[in-house]
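Data block below; observations after.
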Amino acid sequence: MSVQGTEAGAAMRARSAGLLDGRDRAAARAMLKAIGYTDRDLRRPLVGVANTWIETMPCNFHLRRLAEHVKRGIREAGGTPMEFNTVAISDGVTMGTEGMKTSLISREVIADSIELVALGHMFDALVVLVGCDKTIPGGAMALIRADVPGLVLYGGSIAPGRFRGRDVTIQDVFEAIGAHAAGRIGDADLKELEDAACPGPGACGGQYTANTMAMALEFLGLSPFGSAGVAAADPFKDRVAEEVGRQVMAILARGLRPREVLTRSSFLNAVAAVAATGGSTNAVLHLLALAREAGVELSIDDFDAVSRRTPIVASLRPGGEFTAVDLARAGGTSFLAKELIEAGLVDGAQRSMTGATLAEQVAEAAPAPGQRVLRPVHDPFSPTGGLAILHGNLAPEGAVVKIAGHERLYQRGPARLFDSEEEAMQAVTGGALRPGDVVVIRYEGPAGGPGMREMLGVTAAIVGAGLGESVALITDGRFSGATHGLMVGHVAPEAARGGPIALLREGDVVVIDVEQRRLDVELSEAELAARREAWTPPAPRYTSGVMAKYAALVGSAAEGAVTRVPRPEARPGRPTAG
């Protein structure tokens, strides 16, 4: 395909022409020629290849290789690729440490940095390579902000490890830590599992946050259907990457932009896919953030409404039996989408960036013979989906709980208060919890943490200690996609902003009632008001740098925990808008 000297080619270079064409841009061309670009390269459309490769985790480790294949596809289709990199934080590596606070904050940094390079270098199109939990929504946020033709390519899931004849994932290691602390397994058992759980590159293998969000982007239309399901170590992934490079040039030729594709219906499609697979609660945060970037109306309560009408049809970890690799072998997200469309649970008329509708992309999908991962909609694993939104006097703005169909849905018990994740972890591993307790971890919200740490270390330790069926947990922080049990996160407003969770005292009776969608403390409004009057906000944990900046700008978890532009103060004679 050649685009040089054609009317179509000129349209495809509408952005980069301003950077490279004409006498006044000779200096820019000279600098690019210094690193090997030719006149022919610079007359072609420029396609940014945003890479989140990093050596700090398996999830993104292989993306350097994939980027080369994406660039090959772009060149073959008549474009000039320009690769650049951004940051990434591993949730799994940093879990349970101060470093975990940086993870959600990195979503904003990733989005900001990709947007900056895309705008600054005036790319005509964009391919974003993602792997770990925050690179996926961060990369998608940037693509939506830049609003240029583009695609997001997920690096793929890690293969399951093998431990004593069974498949294992990182979830098993976190739960084994709790089992070891409780004396249920020994040092050698834990070491053997540690060595076997992660056999190579790729993101965590269950329907945890990375695989949940990668699937959601397919349903949104920002990733080609079936591309996310190809595992990281599968040799076919290289061919997928080349095809994505070619596809982005076709999208550029059509001039299709993300904000033309993203609608309320496409977001509801993504929510239905999350609900149908028992996906991560982090999808609530990230889809709300993406909707905000796209200017699409989506609220936290939409997740509950969609989940109520959508059955769980996939048996995926952590609530089910199988991994993301098993799902791909069973028929993948394409067959899942086809089933949901035929049941009227998903709108198949929604377009994707490829130009095809959702229904057209999955028309030929079929299940693998004998597969047990997916069930028909009329015979589901659970009649309702995997997400519930709770409200009550502890969560006026809402809270999120994941239900895979077999957890208990009610608990009434005494609050055990911890003002940090570390305090709670010490209580779990020190044997200080009792059946019936409701663990409350607060001041770990978006602003209070800051960064809204995931609590997989604590939740997995509770399960590993044998308390998963008798102890509940609520927090203004969040959970890993690998969390299971009666765990309520994203409690909003958060403690640091004066939310009711800050007013709890040791022993207060907390009631979690999932069926009634309630999260309450058995206190009168008068008592809560008196405690609120006496409450004083804690000093910020950070007073400078990126952490302090994020804490000052971040909004409620009920709105996606996105950073906000501060409203200007009113000046005499200069009224503010709104």
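In the structure tokens, the first chain shown is A, the next is B, and so on; residue numbers restart at 1 for each chain, and ligands run from 1 in the order shown.
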Counting only C-alpha atoms, what is within 8 Å of Ser382 (chain A), bar same-chain residues fewer than 5 positions away, as an MDAnalysis selection string?
chainID A and resid 311:313 404:405
Keeping N, CA, C and O atoms for every residue in the selection just given, could you write it to a file as a PDB file, in the first residue's frame?
ATOM      1  N   PRO A 311     -25.953 -13.202  33.752  1.00  0.00           N
ATOM      2  CA  PRO A 311     -25.471 -14.363  34.512  1.00  0.00           C
ATOM      3  C   PRO A 311     -23.973 -14.572  34.326  1.00  0.00           C
ATOM      4  O   PRO A 311     -23.378 -14.114  33.355  1.00  0.00           O
ATOM      5  N   ILE A 312     -23.372 -15.261  35.279  1.00  0.00           N
ATOM      6  CA  ILE A 312     -21.974 -15.677  35.134  1.00  0.00           C
ATOM      7  C   ILE A 312     -21.943 -16.951  34.301  1.00  0.00           C
ATOM      8  O   ILE A 312     -22.506 -17.980  34.688  1.00  0.00           O
ATOM      9  N   VAL A 313     -21.298 -16.865  33.144  1.00  0.00           N
ATOM     10  CA  VAL A 313     -21.264 -18.009  32.233  1.00  0.00           C
ATOM     11  C   VAL A 313     -19.854 -18.555  32.045  1.00  0.00           C
ATOM     12  O   VAL A 313     -19.654 -19.481  31.261  1.00  0.00           O
ATOM     13  N   ALA A 404     -19.092 -14.286  42.954  1.00  0.00           N
ATOM     14  CA  ALA A 404     -18.958 -15.267  41.885  1.00  0.00           C
ATOM     15  C   ALA A 404     -20.049 -16.322  41.925  1.00  0.00           C
ATOM     16  O   ALA A 404     -20.035 -17.248  41.129  1.00  0.00           O
ATOM     17  N   GLY A 405     -21.001 -16.183  42.845  1.00  0.00           N
ATOM     18  CA  GLY A 405     -22.136 -17.091  42.843  1.00  0.00           C
ATOM     19  C   GLY A 405     -22.172 -18.076  43.976  1.00  0.00           C
ATOM     20  O   GLY A 405     -23.168 -18.756  44.182  1.00  0.00           O
TER      21      GLY A 405
END
Between region 424-523 of chain A and region 531-550 of chain A, at 9 Å or less, what are the per-residue closest atom pairs and their distances in Å? Count only C-alpha atoms, order by chain and rising residue number, and return it as a tab-separated table.
residue	atom	partner	partner_atom	distance
A:Tyr443	CA	A:Pro538	CA	8.8
A:Pro446	CA	A:Tyr550	CA	8.4
A:Ala447	CA	A:Tyr550	CA	7.3
A:Gly448	CA	A:Pro540	CA	7.4
A:Gly449	CA	A:Arg541	CA	7.5
A:Pro450	CA	A:Met547	CA	6.6
A:Gly451	CA	A:Met547	CA	7.8
A:Ala495	CA	A:Pro537	CA	8.4
A:Ala496	CA	A:Pro537	CA	6.2
A:Arg497	CA	A:Pro537	CA	7.3
A:Gly498	CA	A:Pro537	CA	7.0
A:Gly499	CA	A:Arg532	CA	9.0
A:Pro500	CA	A:Arg532	CA	7.9
A:Ala502	CA	A:Trp535	CA	8.0
A:Leu503	CA	A:Arg531	CA	6.1
A:Leu504	CA	A:Arg531	CA	8.7
Would you work out the distance separating CA of His121 (chain A) from CA of Leu104 (chain A), expressed in Å to one decimal?
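Computing it gives 26.5 Å between the two atoms.
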What's the 10 Å shell around Ile462 (chain A), counting only C-alpha atoms, without same-chain residues fewer than 6 positions away, as a compact mmCIF listing (two decimals) with C-alpha atoms, in the first residue's frame?
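Below you can see result_39.txt, which holds the result:
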# COMPACT_ATOMS: atom_id res chain seq x y z
CA GLU A 175 -2.92 -17.57 49.65
CA ILE A 177 1.60 -16.99 52.44
CA GLY A 178 -1.44 -16.94 54.74
CA ALA A 179 -1.42 -20.72 54.99
CA ALA A 182 -1.16 -20.18 60.03
CA MET A 425 -1.66 -7.80 57.76
CA ALA A 427 -3.31 -8.92 62.74
CA VAL A 428 -4.01 -11.65 60.18
CA THR A 429 -0.59 -13.28 60.31
CA GLY A 431 -3.67 -14.76 64.62
CA LEU A 433 -8.73 -12.18 64.06
CA LEU A 456 -4.60 -8.97 47.89
CA GLY A 468 -12.18 -16.85 54.29
CA GLU A 469 -15.68 -18.13 55.11
CA SER A 470 -16.03 -16.38 58.45
CA VAL A 471 -14.24 -13.01 58.26
CA ALA A 472 -15.35 -10.14 56.01
CA LEU A 473 -13.39 -7.08 55.03
CA GLY A 485 -14.55 -13.95 49.63
Report the closest atom pair, with its distance in Å rounded to one decimal, for each residue of region 424-487 of chain A that has an atom no farther than 9 Å from region 269-283 of chain A; count only C-alpha atoms, sort by chain and then rising residue number, and write it as CSV.
residue,atom,partner,partner_atom,distance
A:Arg478,CA,A:Asn282,CA,7.4
A:Phe479,CA,A:Thr281,CA,7.0
A:Ser480,CA,A:Ser280,CA,7.0
A:Gly481,CA,A:Ser280,CA,4.1
A:Ala482,CA,A:Ser280,CA,7.5
A:Thr483,CA,A:Ser280,CA,8.3
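Residue nearest Leu63 (chain A), chosen from A:Tyr154, A:Phe219, A:Tyr410, A:Tyr37 and counting only C-alpha atoms: A:Tyr154.
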At most 9 Å is the cut-off: for each residue in region 248-356 of chain A with any atom that close to an atom of region 76-81 of chain A, write down the nearest atom pair and the distance in Å rounded to one decimal, counting only C-alpha atoms, chain first then increasing number, as CSV.
residue,atom,partner,partner_atom,distance
A:Val248,CA,A:Ala77,CA,9.0
A:Met249,CA,A:Ala77,CA,6.3
A:Ala250,CA,A:Ala77,CA,8.1
Please save C-alpha atoms of the selected residues as a PDB file, in the first residue's frame.
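And here is the file that came out, selection14.pdb:
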ATOM      1  CA  VAL A 248      -4.093   0.586  12.269  1.00  0.00           C
ATOM      2  CA  MET A 249      -3.163   1.811   8.799  1.00  0.00           C
ATOM      3  CA  ALA A 250      -6.555   0.690   7.470  1.00  0.00           C
TER       4      ALA A 250
END
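Those residues that approach region 17-19 of chain A to within 10 Å, counting only C-alpha atoms, are Ala10, Ala11, Met12, Arg13, Ala14, Arg15, Asp21, Gly22, Asp24, Arg25, Ala26, Ala28, Arg29, Leu42, Arg43, Arg44, Pro45, Leu46, Gly120, His121, Met122, Phe123 and Asp124 of chain A; same-chain residues fewer than 2 positions away are not listed.
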Mind checking DSSP for region 276-445 of chain A and telling me the strand (DSSP E or B) residues as a VMD selection string?
chain A and resid 312 314 316 322 351 357 374 382 387 to 392 395 to 402 410 to 418 438 to 441
Between A:Ala551, A:Val93, A:Leu409, A:Leu528, single out the one closest to Glu515 (chain A), counting only C-alpha atoms.
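Of all the options, A:Leu409 lies closest to Glu515 (chain A).
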Applying 6 Å and only C-alpha atoms, which residues near Asp476 (chain A) remain after dropping the ones on its own chain fewer than 4 positions away? List them as a compact mmCIF listing (two decimals) with N, CA and C atoms, in the first residue's frame.
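Writing the result to selection-v8.txt gives the following:
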# COMPACT_ATOMS: atom_id res chain seq x y z
N ARG A 442 -8.89 1.41 56.56
CA ARG A 442 -9.28 2.74 56.08
C ARG A 442 -8.05 3.63 55.94
N GLU A 444 -6.84 4.29 53.18
CA GLU A 444 -6.10 3.71 52.06
C GLU A 444 -6.79 4.04 50.74
N GLY A 445 -7.64 5.07 50.72
CA GLY A 445 -8.37 5.45 49.52
C GLY A 445 -7.51 6.19 48.52
N GLY A 489 -14.82 -3.24 48.68
CA GLY A 489 -13.84 -2.20 48.46
C GLY A 489 -14.43 -0.94 47.88
N HIS A 490 -13.56 0.04 47.64
CA HIS A 490 -13.94 1.31 47.01
C HIS A 490 -14.98 2.07 47.85
N VAL A 491 -14.98 1.86 49.16
CA VAL A 491 -15.98 2.52 50.00
C VAL A 491 -15.81 4.04 49.86
N GLU A 494 -14.16 8.30 50.93
CA GLU A 494 -13.08 7.65 51.65
C GLU A 494 -12.84 8.31 53.01
